[in-house]
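**Q** Sending over final.cif (mmCIF, C-alpha atoms).
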data_upload
loop_
_atom_site.label_atom_id
_atom_site.label_comp_id
_atom_site.auth_asym_id
_atom_site.auth_seq_id
_atom_site.Cartn_x
_atom_site.Cartn_y
_atom_site.Cartn_z
CA MET A 1 2.17 -12.89 14.34
CA ILE A 2 3.23 -11.03 11.26
CA ALA A 3 2.00 -12.18 7.86
CA TRP A 4 4.69 -11.62 5.29
CA ALA A 5 4.36 -10.62 1.69
CA GLY A 6 6.57 -13.51 0.71
CA ASP A 7 4.59 -16.22 2.46
CA GLU A 8 2.99 -17.56 -0.67
CA PRO A 9 3.30 -17.15 -4.41
CA VAL A 10 1.41 -14.26 -5.93
CA ARG A 11 0.37 -14.65 -9.52
CA GLY A 12 -1.71 -12.26 -11.57
CA ILE A 13 -4.19 -9.59 -10.68
CA PRO A 14 -7.05 -11.04 -8.63
CA GLU A 15 -9.92 -12.05 -10.89
CA THR A 16 -12.35 -9.66 -9.27
CA ALA A 17 -9.95 -6.72 -9.05
CA GLY A 18 -9.93 -3.41 -10.86
CA PRO A 19 -12.33 -0.92 -12.42
CA ALA A 20 -14.45 -3.72 -13.82
CA GLU A 21 -15.08 -4.87 -10.27
CA ALA A 22 -15.86 -1.31 -9.25
CA ALA A 23 -18.30 -1.03 -12.15
CA ARG A 24 -20.03 -4.16 -10.90
CA GLY A 25 -20.55 -2.63 -7.50
CA GLY A 26 -17.09 -2.12 -6.01
CA ARG A 27 -15.20 -4.00 -3.33
CA GLY A 28 -17.83 -3.45 -0.72
CA ARG A 29 -17.75 -0.56 1.67
CA ARG A 30 -14.36 -0.16 3.28
CA ARG A 31 -12.66 2.60 5.14
CA PRO A 32 -9.94 4.26 3.09
CA VAL A 33 -6.38 3.01 2.91
CA LEU A 34 -3.79 5.55 4.09
CA VAL A 35 -0.61 5.54 1.98
CA VAL A 36 2.42 7.31 3.48
CA ASP A 37 5.60 7.88 1.48
CA ASP A 38 7.84 10.92 1.10
CA ASP A 39 8.68 9.85 -2.46
CA ARG A 40 5.87 11.48 -4.41
CA SER A 41 6.29 9.25 -7.45
CA ILE A 42 5.84 6.07 -5.40
CA LEU A 43 3.04 7.63 -3.37
CA GLU A 44 1.15 8.66 -6.49
CA THR A 45 1.61 5.35 -8.32
CA VAL A 46 0.69 3.16 -5.35
CA SER A 47 -2.38 5.34 -4.77
CA GLN A 48 -3.43 5.08 -8.43
CA ILE A 49 -3.10 1.30 -8.34
CA LEU A 50 -5.23 1.00 -5.21
CA ARG A 51 -7.86 3.35 -6.62
CA ALA A 52 -7.91 1.40 -9.88
CA ASP A 53 -8.59 -1.68 -7.79
CA GLY A 54 -11.56 -0.06 -6.08
CA TYR A 55 -10.09 1.30 -2.83
CA ASP A 56 -10.59 4.77 -1.42
CA VAL A 57 -7.16 6.20 -0.73
CA LEU A 58 -5.77 8.90 1.54
CA ARG A 59 -2.25 10.09 0.80
CA ALA A 60 0.42 11.58 3.03
CA THR A 61 3.88 12.76 1.95
CA SER A 62 5.19 12.87 5.51
CA GLY A 63 4.68 11.31 8.89
CA ARG A 64 3.27 14.57 10.15
CA GLU A 65 0.65 14.60 7.39
CA ALA A 66 -0.18 10.97 8.17
CA LEU A 67 -0.82 11.83 11.80
CA ALA A 68 -3.14 14.64 10.71
CA HIS A 69 -5.17 12.13 8.68
CA LEU A 70 -5.21 9.72 11.61
CA ASP A 71 -6.69 12.45 13.81
CA ARG A 72 -9.72 12.58 11.51
CA VAL A 73 -10.08 9.11 10.01
CA GLU A 74 -9.64 5.50 11.04
CA PRO A 75 -8.25 3.88 7.89
CA SER A 76 -8.68 0.20 7.08
CA ALA A 77 -4.88 -0.05 6.76
CA VAL A 78 -1.79 2.14 6.69
CA LEU A 79 0.91 1.55 4.06
CA LEU A 80 3.90 3.10 5.77
CA ASP A 81 7.28 4.13 4.43
CA MET A 82 9.83 4.04 7.24
CA ARG A 83 12.66 6.37 6.33
CA MET A 84 11.14 9.82 6.14
CA PRO A 85 12.49 13.15 7.33
CA ASP A 86 10.94 14.78 10.36
CA VAL A 87 8.33 12.26 11.61
CA ASP A 88 9.46 8.83 10.38
CA GLY A 89 7.64 5.51 10.16
CA TRP A 90 8.64 4.45 13.67
CA ALA A 91 7.14 7.64 15.10
CA VAL A 92 3.92 7.17 13.13
CA ALA A 93 3.64 3.59 14.40
CA ARG A 94 4.21 4.73 17.99
CA ALA A 95 1.53 7.39 17.57
CA ILE A 96 -0.94 4.82 16.23
CA ALA A 97 -0.24 2.53 19.18
CA ALA A 98 -0.44 5.41 21.67
CA ARG A 99 -3.90 6.26 20.37
CA GLY A 100 -5.01 2.71 20.98
CA ARG A 101 -5.72 2.12 17.33
CA ARG A 102 -5.90 -1.39 15.96
CA VAL A 103 -5.11 -0.39 12.40
CA PRO A 104 -3.16 -2.87 10.26
CA VAL A 105 0.20 -1.31 9.40
CA ILE A 106 1.96 -2.53 6.27
CA VAL A 107 5.58 -1.40 6.13
CA MET A 108 6.93 -0.39 2.73
CA THR A 109 10.71 -0.26 2.69
CA ALA A 110 13.74 -0.88 0.53
CA ALA A 111 15.84 -1.70 3.57
CA ALA A 112 17.58 -5.06 3.62
CA ASN A 113 16.25 -5.61 7.14
CA ALA A 114 12.64 -4.91 6.23
CA ARG A 115 11.36 -7.84 8.30
CA HIS A 116 13.24 -6.62 11.37
CA TRP A 117 11.86 -3.12 10.99
CA ALA A 118 8.33 -4.49 10.62
CA GLU A 119 8.81 -6.55 13.78
CA GLU A 120 10.15 -3.51 15.63
CA ILE A 121 6.91 -1.62 15.13
CA ASP A 122 4.69 -4.72 15.43
CA ALA A 123 3.51 -4.27 11.86
CA THR A 124 0.93 -6.56 10.30
CA ALA A 125 2.96 -7.15 7.14
CA PHE A 126 5.66 -5.66 4.99
CA LEU A 127 6.24 -4.96 1.33
CA ALA A 128 9.90 -4.97 0.35
CA LYS A 129 10.63 -2.31 -2.27
CA PRO A 130 10.72 -2.77 -5.16
CA PHE A 131 7.43 -4.70 -5.00
CA ASP A 132 5.07 -5.29 -7.89
CA ILE A 133 1.35 -4.70 -8.35
CA ASP A 134 0.42 -8.28 -7.57
CA GLU A 135 2.22 -8.22 -4.22
CA LEU A 136 0.73 -4.84 -3.36
CA LEU A 137 -2.86 -5.81 -4.13
CA THR A 138 -2.58 -9.20 -2.47
CA VAL A 139 -1.20 -7.80 0.79
CA VAL A 140 -3.68 -4.93 0.95
CA GLU A 141 -6.60 -7.25 0.17
CA ARG A 142 -5.42 -9.66 2.86
CA HIS A 143 -5.19 -7.01 5.56
CA THR A 144 -8.24 -4.85 4.91
CA ARG A 145 -11.78 -5.94 5.60
CA PRO A 146 -15.07 -4.62 4.26
CA LEU A 147 -17.24 -2.81 6.79
CA ALA A 148 -19.86 -5.05 8.34
CA MET B 1 -19.65 -4.23 -22.55
CA ASP B 2 -17.95 -6.35 -19.88
CA ASP B 3 -15.28 -7.28 -22.43
CA VAL B 4 -14.60 -3.60 -23.09
CA ILE B 5 -14.30 -2.87 -19.37
CA GLU B 6 -12.00 -5.85 -18.83
CA GLY B 7 -9.82 -4.71 -21.76
CA LEU B 8 -9.53 -1.20 -20.37
CA GLU B 9 -8.68 -2.66 -16.98
CA ALA B 10 -5.89 -4.80 -18.42
CA ASP B 11 -4.40 -1.80 -20.25
CA ARG B 12 -4.62 0.34 -17.14
CA PHE B 13 -2.76 -2.17 -15.01
CA THR B 14 -0.13 -2.60 -17.73
CA ASP B 15 0.55 1.13 -17.60
CA LEU B 16 0.55 1.20 -13.81
CA ARG B 17 2.88 -1.80 -13.64
CA ALA B 18 5.44 0.11 -15.72
CA GLU B 19 4.88 3.30 -13.72
CA LEU B 20 5.53 1.44 -10.47
CA ARG B 21 8.77 -0.03 -11.82
CA ASP B 22 9.89 3.43 -12.94
CA ALA B 23 8.95 4.98 -9.60
CA PHE B 24 11.19 2.52 -7.76
CA LEU B 25 14.07 3.04 -10.18
CA ASP B 26 13.92 6.74 -9.38
CA GLU B 27 14.11 6.09 -5.64
CA PRO B 28 17.71 5.86 -4.38
CA GLU B 29 16.75 3.49 -1.54
CA ALA B 30 15.11 1.03 -3.91
CA VAL B 31 17.98 1.18 -6.37
CA ALA B 32 20.39 0.38 -3.54
CA ALA B 33 18.23 -2.60 -2.59
CA LEU B 34 18.53 -3.98 -6.11
CA ASP B 35 22.33 -4.06 -5.89
#
Is it possible to express this structure as structure tokens?

**A**
Amino acid sequence: MIAWAGDEPVRGIPETAGPAEAARGGRGRRRPVLVVDDDRSILETVSQILRADGYDVLRATSGREALAHLDRVEPSAVLLDMRMPDVDGWAVARAIAARGRRVPVIVMTAAANARHWAEEIDATAFLAKPFDIDELLTVVERHTRPLA
Amino acid sequence: MDDVIEGLEADRFTDLRAELRDAFLDEPEAVAALD
């Protein structure tokens, strides 16, 4: 079952979020979050937000680069743009499934049929662009877990 | 000290909130979705 970004109201930055939380000892040990988007401005800003909230972040500007990361690292979640040249989001999702990975995939898309696309690749959740910081942090928090 | 850190955090997220909005406005796909 897919958990959607719009399931419940999201208000405000979580009380424990951000650099202050990191200064108090961080979010607990987690594997990095892999952010994949061919739009460098969105990639950079989303990555900065997650880092500011205490996450380790890996970035990929293409599906091919994402697959290279996935060869080396098992991320705690993948934030995945769908429409990318060359290796697109569908191909990345197929590659994750083919490798037997159980990595939460969070689709990021501006498409009107975002839910349908997320269902197509059996994603864990989706973020409909343009999303805001509160939605981003809430969905990532919900679908990543600290290491035991 | 905690107050200072919290204040810096609030400012940082204010900046990032605006940066995220701008990033989406620059992306043709997202602009189309706003229509």

**Q** Tell me which residues the PyMOL selection byres ((chain A) within 8 of (chain B)) grabs here, as a PyMOL selection string.

**A** chain A and resi 18-20+39+41-42+45-46+48-49+110-112+129-130+132-133

**Q** Write out, as a CSV table (one decimal), in the coordinates of the input, the residues just selected, with C-alpha atoms.

**A**
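Okay, this is what ended up in selection.csv:
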chain,number,residue,atom,x,y,z
A,18,GLY,CA,-9.9,-3.4,-10.9
A,19,PRO,CA,-12.3,-0.9,-12.4
A,20,ALA,CA,-14.4,-3.7,-13.8
A,39,ASP,CA,8.7,9.8,-2.5
A,41,SER,CA,6.3,9.2,-7.4
A,42,ILE,CA,5.8,6.1,-5.4
A,45,THR,CA,1.6,5.4,-8.3
A,46,VAL,CA,0.7,3.2,-5.4
A,48,GLN,CA,-3.4,5.1,-8.4
A,49,ILE,CA,-3.1,1.3,-8.3
A,110,ALA,CA,13.7,-0.9,0.5
A,111,ALA,CA,15.8,-1.7,3.6
A,112,ALA,CA,17.6,-5.1,3.6
A,129,LYS,CA,10.6,-2.3,-2.3
A,130,PRO,CA,10.7,-2.8,-5.2
A,132,ASP,CA,5.1,-5.3,-7.9
A,133,ILE,CA,1.4,-4.7,-8.4

**Q** Give me the residues near region 72-81 of chain A as a list in words, where near means some atom within 7 Å (using only C-alpha atoms) and where sequence neighbours in that chain fewer than 4 positions away do not count.

**A**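 In the requested form, the answer reads Arg30, Arg31, Pro32, Val33, Leu34, Val35, Val36, Asp37, Ala68, Gly89, Val103, Pro104, Val105, Ile106, Val107, Met108, Thr109 and Thr144 of chain A.
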
**Q** Do you know which residues the PyMOL selection byres ((chain A and resi 118) around 10) returns on this file, as an MDAnalysis selection string?

**A** chainID A and resid 2 4 82 90 105:109 113:117 119:127

**Q** What gap, in Å, lies between CA of Ser62 (chain A) and CA of His143 (chain A)?

**A**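 Here the two named atoms are 22.4 Å from each other.
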
**Q** Could you state the separation of CA of Phe131 (chain A) and CA of Thr61 (chain A) in Å, given to one decimal place?

**A**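 Those two atoms sit 19.1 Å apart.
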
**Q** Please measure the separation of CA of Leu136 (chain A) and CA of Val92 (chain A), giving the value in Å to one decimal.

**A**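 Distance between the two atoms: 20.6 Å.
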